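First up is the structure itself, then whatever we jot down about it.
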Amino acid sequence: MIANHPVERADALVVGAGIAGLQAALDLADQGFQVVIVERQPSIGGHMINLSKVFPTLDCASCITTPRMASTAHHPNIQVFTYSEVDSIRPVGDRFQATITRKPRYIDEDKCIGCKRCEEACTLYLPDEYDHSLGAKKAVSIPFTNAIPQYPVLDMDECFLCGGCARACPTDAIDYMQKPETFQLEVGAVILATGYDMTPMDAKSQYGGGKLPNVISPWQAERLLAPHGPYGGVLRPSDGKIPDSIAFVQCAGSRDASLGVPYCSRVCCMYAIKQAMLLSGSLPIADITIYYMDIRAFGKGYEQFYQSAKAMGIEFVKAKVGRIREDEEHNPILRIERQEGDSAPEEVRHDLVILSLGMVPAWIPDRDGIVPLQTGSDRFLLSPKPRISPTLTTLPGVFACGAATGPKDIVDTIVEAGAAAMQAAAHLQRTLAGAAK
Amino acid sequence: MAEETAKKTNRALEQLKQLRSERAEENKKKAERQKEQNRLQKAVLDALGDGERTVPEIAEAAGIDTQTALWWVTALRKYNKVETAGKRGDYPTYRRK
């Protein structure tokens with residue numbers, strides 16, 4: 001259930017409501033445990049609800065995520081706090097005391113009916129984070145169509161106080177003076193499903209990310225490919241042209257010690273191949289090129305997926321991209337050095353370039369003293385038994401799953417979430433049995 | 001019920017009054033930005049007129065850059081003021097709704 005009021009006690013706390021957090025919470029709740037989920041975004045669903053399709057099956061991402069979001073939101077054993085932050089988690093005996101802050105939406109959730117009249121009345125347009133700034137939203141808006149819960153967030157930093165939303169709201173739910181609300185929660189186990197972020201677009205300045213309008217992130221590419229994407233099709237951001245030549249630059253944020261990301265992010269090859277195949281479907285006559293160092297197609301069905309992409313006519317060029325500049329029409333020009341055949345540097349012009357960014361942890365709990373846990377040299381959560389119990393952390397009773405422990409794909413994330421739920425359930429049973437003695 | 005609603009609306013308006021006085025300077029800048037947004041929005045809608053235009057055509061008619069024109073077309077499309085009409089060359093065309 002969507003929680004609008006503080007809860008004092010539960011069996012387990014799940015931090016993060018992406019696909020890992022949703023799966024872990026459902027697996028625990030289905031066993032009869034009382035679960036609280038804390039999600040920092042205004043909606044549950046994580047990154048996955050933003051994706052167009054998943055590899056290697058090309059299933060609709062929303063069709064997999066939305067039922068889990070709905071099951072979580074309606075589960076009698078789950079309380080969901082969205083737009084909330086975990087300030088600290090401290091062990092107290094064999095239990096944990098969590099401090100949680102609910103951020104102000106400037107909406108009274110008890111009164112809001114999600115009618116969107118405030119959004120219709122608002123006149124201020126802002127870049128939409130959900131569309132990774134390709135599209136627009138209003139200063140008061142529900143994050144996206146199938147967001148759960150359907151509460152808008154009013155951006156008081158941007159609002160110029162015209163009062164239009166308050167006048168339009170039929171239930172007087174606008175509260176301009178709402179304050180953050182902090183509460184304490186006692187739980188027996190914690191699952192950290194805090195997910196990943198991507199390396200910043202401008203991390204490699206020589207690629208022009210964040211400066212050149214037609215050099216975009218993989219998240220932006222996902223939104224272009226989504227059925228309800230910002231442009232209603234695949235267009236390039238500089239001028240709305242349908243691109244005829246699209247390139248992917250692999251390892252644009254991974255396997256690069258200079259970025260502090262020496263590891264392989266494991267999913268970039270596959271998401272680039274997936275996006276290339278989807279682009280090929282949307283723009284059948286477009287030339288699509290993937291510049292790569294190695295293709296790592298390690299999972300079940302991944303190699304076949306890669307071979308299918310080649311058979312579709314997607315060009316794989318083993319080359320290093322040195323830098324990207326643009327011409328006067330904002331066409332990105334890549335300076336490449338081929339790793340096979342003639343290795344003389346050459347320049348290649350494309351209409352649109354997608355940088356395959358790497359994965360980094362979204363939340364580093366030991367950095368800010370939130371949870372006394374150890375992280376690895378890659379800053380992901382460290383398991384003391386990574387081979388046999390990857391969901392354990394260095395604090396008994398705190399478990400981790402999904403991309404919080406390292407880069408991984410959706411399949412591995414869901415499997416690990418189930419494992420974390422089972423470990424947490426066993427821990428809860430042990431501590432309950434100990435207390436009974 | 002109606003009385004209670006009226007009272008609550010008054011409370012929201014009281015809150016606004018207080019915030020407007022507290023944030024007067026900051027709000028002046030924000031109001032200027034809103035005016036600029038209104039100008040750009042009108043320029044894009046005027047550029048569309050009664051016809052179908054591509055983003056570069058809208059940009060030229062409105063006297064703005066193509067990236068800004070696309071952002072506004074995207075915003076107005078999302079909020080049902082503009083719709084995709086067809087295609088001309090490598091560009092989709094848009095019209096007012």
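Labeling convention for the structure tokens: chains A, B, ... as they appear, residues from 1 per chain, ligands from 1 in order of appearance.
Contact shell of region 38-53 of chain B at 8 Å (only C-alpha atoms; same-chain neighbours under 3 positions omitted): Gln34, Lys35, Glu57, Ile58, Ala59, Ala61, Ala62, Ala69, Trp72, Val73, Ala85, Thr93, Tyr94, Arg95 and Arg96 of chain B.
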Would you write out, as a tab-separated table, a table of all residues in region 190-229 of chain A that have an atom no more than 10 Å from an atom of region 31-47 of chain A, listing for each the closest atom pair and the distance in Å to one decimal, considering only C-alpha atoms and ordering rows by chain and rising residue number?
```
residue	atom	partner	partner_atom	distance
A:Val190	CA	A:Val35	CA	9.6
A:Ile191	CA	A:Ile37	CA	9.4
A:Ala193	CA	A:Glu39	CA	9.8
A:Thr194	CA	A:Glu39	CA	8.8
A:Gly195	CA	A:Gly46	CA	8.3
A:Tyr196	CA	A:His47	CA	8.8
A:Asp197	CA	A:His47	CA	9.2
A:Trp219	CA	A:His47	CA	8.9
```
Suppose we keep C-alpha atoms; can you now write the selection as a compact mmCIF listing (two decimals), in the first residue's frame?
```txt
# COMPACT_ATOMS: atom_id res chain seq x y z
CA VAL A 190 17.26 -4.47 5.74
CA ILE A 191 17.59 -5.07 2.01
CA ALA A 193 18.33 -2.36 -3.55
CA THR A 194 19.71 1.06 -4.29
CA GLY A 195 20.63 0.43 -7.90
CA TYR A 196 22.97 2.24 -10.21
CA ASP A 197 23.64 5.51 -11.88
CA TRP A 219 18.83 6.74 -21.29
```
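Shell of Cys251 (chain A) at 8 Å, with only C-alpha atoms counted and residues fewer than 4 places along the chain excluded, is A:Arg255, A:Asp256, A:Cys264, A:Cys268, A:Tyr292, A:Met293, A:Ser356, A:Leu357, A:Gly358.
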Picked from chain B by DSSP as alpha helix (DSSP H), as a PyMOL selection string: chain B and resi 2-22+24-48+55-62+66-78
Cut-off 8 Å: closest chain A/chain B atom pairs per residue, using only C-alpha atoms, as CSV:
```
residue,atom,partner,partner_atom,distance
A:Glu120,CA,B:Tyr79,CA,7.9
A:Thr123,CA,B:Gln34,CA,7.9
A:Leu124,CA,B:Gln34,CA,6.4
A:Tyr125,CA,B:Ala75,CA,7.6
A:Leu134,CA,B:Trp71,CA,7.1
A:Gly135,CA,B:Thr74,CA,5.9
A:Ala136,CA,B:Ala75,CA,5.0
A:Lys137,CA,B:Ala75,CA,7.2
A:Glu158,CA,B:Lys30,CA,7.3
A:Cys159,CA,B:Lys30,CA,7.6
A:Phe160,CA,B:Lys30,CA,5.5
A:Leu161,CA,B:Leu16,CA,6.5
A:Gly163,CA,B:Leu16,CA,7.0
A:Ala166,CA,B:Ala12,CA,6.7
A:Arg167,CA,B:Thr9,CA,7.4
A:Thr171,CA,B:Thr5,CA,7.5
A:Asp172,CA,B:Thr9,CA,6.2
A:Ile174,CA,B:Ala12,CA,7.1
A:Asp175,CA,B:Ala12,CA,6.6
A:Tyr176,CA,B:Gln15,CA,6.5
A:Met177,CA,B:Gln15,CA,6.9
A:Pro230,CA,B:Thr74,CA,6.3
A:Tyr231,CA,B:Thr74,CA,5.9
A:Pro237,CA,B:Gln67,CA,6.3
A:Ser238,CA,B:Gln67,CA,4.6
A:Asp239,CA,B:Thr66,CA,4.8
A:Gly240,CA,B:Val55,CA,6.0
A:Lys241,CA,B:Tyr91,CA,4.9
A:Ile242,CA,B:Asp90,CA,5.4
A:Pro243,CA,B:Asp90,CA,7.8
```
Generate a file of the selected residues that holds N, CA and C atoms, formatted as a PDB file, in the first residue's frame.
```
ATOM      1  N   GLU A 120      -2.568  20.854 -15.459  1.00  0.00           N
ATOM      2  CA  GLU A 120      -3.163  21.555 -16.605  1.00  0.00           C
ATOM      3  C   GLU A 120      -3.127  23.066 -16.390  1.00  0.00           C
ATOM      4  N   THR A 123       1.473  27.062 -15.714  1.00  0.00           N
ATOM      5  CA  THR A 123       1.929  27.656 -16.980  1.00  0.00           C
ATOM      6  C   THR A 123       3.444  27.569 -17.164  1.00  0.00           C
ATOM      7  N   LEU A 124       4.146  27.058 -16.145  1.00  0.00           N
ATOM      8  CA  LEU A 124       5.612  27.042 -16.208  1.00  0.00           C
ATOM      9  C   LEU A 124       6.120  25.683 -16.690  1.00  0.00           C
ATOM     10  N   TYR A 125       6.877  25.689 -17.783  1.00  0.00           N
ATOM     11  CA  TYR A 125       7.435  24.461 -18.358  1.00  0.00           C
ATOM     12  C   TYR A 125       8.881  24.282 -17.892  1.00  0.00           C
ATOM     13  N   LEU A 134      14.856  15.663 -22.635  1.00  0.00           N
ATOM     14  CA  LEU A 134      14.470  15.812 -24.044  1.00  0.00           C
ATOM     15  C   LEU A 134      13.093  16.455 -24.142  1.00  0.00           C
ATOM     16  N   GLY A 135      12.239  16.143 -23.180  1.00  0.00           N
ATOM     17  CA  GLY A 135      10.880  16.664 -23.181  1.00  0.00           C
ATOM     18  C   GLY A 135      10.662  17.666 -22.060  1.00  0.00           C
ATOM     19  N   ALA A 136       9.401  18.067 -21.907  1.00  0.00           N
ATOM     20  CA  ALA A 136       9.067  19.083 -20.913  1.00  0.00           C
ATOM     21  C   ALA A 136       8.017  18.560 -19.945  1.00  0.00           C
ATOM     22  N   LYS A 137       7.977  19.160 -18.787  1.00  0.00           N
ATOM     23  CA  LYS A 137       6.916  18.908 -17.810  1.00  0.00           C
ATOM     24  C   LYS A 137       6.485  20.259 -17.262  1.00  0.00           C
ATOM     25  N   GLU A 158      11.282  26.349  -8.473  1.00  0.00           N
ATOM     26  CA  GLU A 158      11.022  26.977  -9.774  1.00  0.00           C
ATOM     27  C   GLU A 158       9.708  27.760  -9.806  1.00  0.00           C
ATOM     28  N   CYS A 159       8.757  27.355  -8.952  1.00  0.00           N
ATOM     29  CA  CYS A 159       7.409  27.953  -8.963  1.00  0.00           C
ATOM     30  C   CYS A 159       7.496  29.457  -8.738  1.00  0.00           C
ATOM     31  N   PHE A 160       6.706  30.242  -9.494  1.00  0.00           N
ATOM     32  CA  PHE A 160       6.721  31.695  -9.280  1.00  0.00           C
ATOM     33  C   PHE A 160       5.438  32.163  -8.592  1.00  0.00           C
ATOM     34  N   LEU A 161       4.767  31.223  -7.926  1.00  0.00           N
ATOM     35  CA  LEU A 161       3.679  31.527  -6.997  1.00  0.00           C
ATOM     36  C   LEU A 161       2.497  32.230  -7.665  1.00  0.00           C
ATOM     37  N   GLY A 163      -0.344  30.757  -8.164  1.00  0.00           N
ATOM     38  CA  GLY A 163      -1.540  30.277  -7.467  1.00  0.00           C
ATOM     39  C   GLY A 163      -2.503  29.522  -8.354  1.00  0.00           C
ATOM     40  N   ALA A 166      -3.414  25.994  -7.037  1.00  0.00           N
ATOM     41  CA  ALA A 166      -4.286  25.990  -5.848  1.00  0.00           C
ATOM     42  C   ALA A 166      -5.728  26.297  -6.248  1.00  0.00           C
ATOM     43  N   ARG A 167      -5.884  27.211  -7.203  1.00  0.00           N
ATOM     44  CA  ARG A 167      -7.243  27.555  -7.632  1.00  0.00           C
ATOM     45  C   ARG A 167      -7.886  26.409  -8.412  1.00  0.00           C
ATOM     46  N   THR A 171      -9.761  19.593  -4.581  1.00  0.00           N
ATOM     47  CA  THR A 171      -9.786  19.083  -3.203  1.00  0.00           C
ATOM     48  C   THR A 171      -8.885  19.908  -2.273  1.00  0.00           C
ATOM     49  N   ASP A 172      -8.412  21.026  -2.743  1.00  0.00           N
ATOM     50  CA  ASP A 172      -7.528  21.889  -1.940  1.00  0.00           C
ATOM     51  C   ASP A 172      -6.333  21.132  -1.382  1.00  0.00           C
ATOM     52  N   ILE A 174      -3.205  21.448  -2.521  1.00  0.00           N
ATOM     53  CA  ILE A 174      -1.920  22.161  -2.625  1.00  0.00           C
ATOM     54  C   ILE A 174      -1.569  22.753  -1.250  1.00  0.00           C
ATOM     55  N   ASP A 175      -0.349  22.464  -0.822  1.00  0.00           N
ATOM     56  CA  ASP A 175       0.117  22.997   0.464  1.00  0.00           C
ATOM     57  C   ASP A 175       1.510  23.604   0.236  1.00  0.00           C
ATOM     58  N   TYR A 176       1.539  24.916   0.002  1.00  0.00           N
ATOM     59  CA  TYR A 176       2.803  25.591  -0.325  1.00  0.00           C
ATOM     60  C   TYR A 176       3.786  25.592   0.837  1.00  0.00           C
ATOM     61  N   MET A 177       3.275  25.342   2.041  1.00  0.00           N
ATOM     62  CA  MET A 177       4.128  25.430   3.236  1.00  0.00           C
ATOM     63  C   MET A 177       4.538  24.049   3.757  1.00  0.00           C
ATOM     64  N   PRO A 230       9.337  11.381 -25.886  1.00  0.00           N
ATOM     65  CA  PRO A 230       9.065  12.821 -25.941  1.00  0.00           C
ATOM     66  C   PRO A 230       8.727  13.343 -27.343  1.00  0.00           C
ATOM     67  N   TYR A 231       9.373  12.781 -28.379  1.00  0.00           N
ATOM     68  CA  TYR A 231       9.169  13.308 -29.727  1.00  0.00           C
ATOM     69  C   TYR A 231       8.127  12.504 -30.522  1.00  0.00           C
ATOM     70  N   PRO A 237      18.045  15.676 -31.285  1.00  0.00           N
ATOM     71  CA  PRO A 237      17.651  16.824 -30.457  1.00  0.00           C
ATOM     72  C   PRO A 237      17.997  18.199 -31.019  1.00  0.00           C
ATOM     73  N   SER A 238      18.957  18.296 -31.941  1.00  0.00           N
ATOM     74  CA  SER A 238      19.364  19.645 -32.374  1.00  0.00           C
ATOM     75  C   SER A 238      18.324  20.313 -33.250  1.00  0.00           C
ATOM     76  N   ASP A 239      17.589  19.528 -34.053  1.00  0.00           N
ATOM     77  CA  ASP A 239      16.675  20.161 -35.019  1.00  0.00           C
ATOM     78  C   ASP A 239      15.469  19.310 -35.402  1.00  0.00           C
ATOM     79  N   GLY A 240      15.264  18.174 -34.708  1.00  0.00           N
ATOM     80  CA  GLY A 240      14.091  17.352 -35.003  1.00  0.00           C
ATOM     81  C   GLY A 240      14.187  16.566 -36.295  1.00  0.00           C
ATOM     82  N   LYS A 241      15.405  16.385 -36.802  1.00  0.00           N
ATOM     83  CA  LYS A 241      15.583  15.617 -38.040  1.00  0.00           C
ATOM     84  C   LYS A 241      15.512  14.120 -37.736  1.00  0.00           C
ATOM     85  N   ILE A 242      14.963  13.348 -38.666  1.00  0.00           N
ATOM     86  CA  ILE A 242      14.980  11.891 -38.535  1.00  0.00           C
ATOM     87  C   ILE A 242      16.388  11.435 -38.897  1.00  0.00           C
ATOM     88  N   PRO A 243      17.135  10.860 -37.964  1.00  0.00           N
ATOM     89  CA  PRO A 243      18.541  10.556 -38.268  1.00  0.00           C
ATOM     90  C   PRO A 243      18.668   9.422 -39.281  1.00  0.00           C
TER      91      PRO A 243
END
```
Could you give me, as a PDB file with C-alpha atoms, in the first residue's frame, the residues within 9 Å of region 377-382 of chain A, counting only C-alpha atoms and dropping anything in the same chain fewer than 3 positions from it?
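Output file around_33.pdb is given in full below:
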```pdb
ATOM      1  CA  GLY A 260      37.784   5.667 -11.858  1.00  0.00           C
ATOM      2  CA  VAL A 261      35.755   2.981 -13.646  1.00  0.00           C
ATOM      3  CA  PRO A 262      38.311   0.321 -14.637  1.00  0.00           C
ATOM      4  CA  TYR A 263      35.709  -2.456 -14.647  1.00  0.00           C
ATOM      5  CA  VAL A 360      28.347   3.324 -11.026  1.00  0.00           C
ATOM      6  CA  PRO A 361      26.581   2.888  -7.676  1.00  0.00           C
ATOM      7  CA  ALA A 362      23.637   5.245  -7.169  1.00  0.00           C
ATOM      8  CA  TRP A 363      24.023   5.336  -3.385  1.00  0.00           C
ATOM      9  CA  ILE A 364      27.176   4.934  -1.374  1.00  0.00           C
ATOM     10  CA  PRO A 365      25.915   4.277   2.154  1.00  0.00           C
ATOM     11  CA  LEU A 373      28.905  -0.953   5.621  1.00  0.00           C
ATOM     12  CA  GLN A 374      32.012  -1.660   3.601  1.00  0.00           C
ATOM     13  CA  LYS A 385      31.242 -14.105   0.634  1.00  0.00           C
ATOM     14  CA  PRO A 386      30.840 -12.905  -2.952  1.00  0.00           C
ATOM     15  CA  PRO A 390      26.570 -12.423  -2.897  1.00  0.00           C
ATOM     16  CA  LEU A 392      25.349 -10.672   2.281  1.00  0.00           C
ATOM     17  CA  THR A 393      26.902  -7.383   3.368  1.00  0.00           C
ATOM     18  CA  THR A 394      29.478  -6.720   6.070  1.00  0.00           C
ATOM     19  CA  ALA A 400      21.983  -6.198  -0.815  1.00  0.00           C
ATOM     20  CA  ALA A 403      23.123  -3.185  -9.170  1.00  0.00           C
ATOM     21  CA  ALA A 404      23.834  -2.008  -5.588  1.00  0.00           C
ATOM     22  CA  THR A 405      26.415  -4.824  -5.421  1.00  0.00           C
ATOM     23  CA  GLY A 406      27.847  -4.357  -8.920  1.00  0.00           C
ATOM     24  CA  PRO A 407      26.868  -3.911 -12.554  1.00  0.00           C
TER      25      PRO A 407
END
```
Polymer residues at most 9 Å from Ala421 (chain A), only C-alpha atoms, same-chain spacing of 6 or more positions, as a list of chain:residue names: A:Gln23, A:Ala24, A:Ala25, A:Leu26, A:Asp27, A:Leu28, A:Ile191, A:Phe399
With C-alpha atoms kept, could you save the residues just selected as an mmCIF file, in the first residue's frame?
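Saved file result_29.cif follows:
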```cif
data_model
loop_
_atom_site.group_PDB
_atom_site.id
_atom_site.type_symbol
_atom_site.label_atom_id
_atom_site.label_comp_id
_atom_site.auth_asym_id
_atom_site.auth_seq_id
_atom_site.Cartn_x
_atom_site.Cartn_y
_atom_site.Cartn_z
ATOM 1 C CA GLN A 23 10.976 -8.135 -6.322
ATOM 2 C CA ALA A 24 12.634 -8.441 -2.890
ATOM 3 C CA ALA A 25 9.702 -6.729 -1.149
ATOM 4 C CA LEU A 26 7.115 -8.905 -2.909
ATOM 5 C CA ASP A 27 9.047 -12.102 -2.115
ATOM 6 C CA LEU A 28 9.215 -11.161 1.569
ATOM 7 C CA ILE A 191 17.593 -5.070 2.010
ATOM 8 C CA PHE A 399 21.418 -7.649 2.632
#
```
Surrounding residues of region 310-313 of chain A excluding itself and chain neighbours under 3 positions, 9 Å, only C-alpha atoms, as an MDAnalysis selection string: chainID A and resid 277 280 287:288 305:307 316
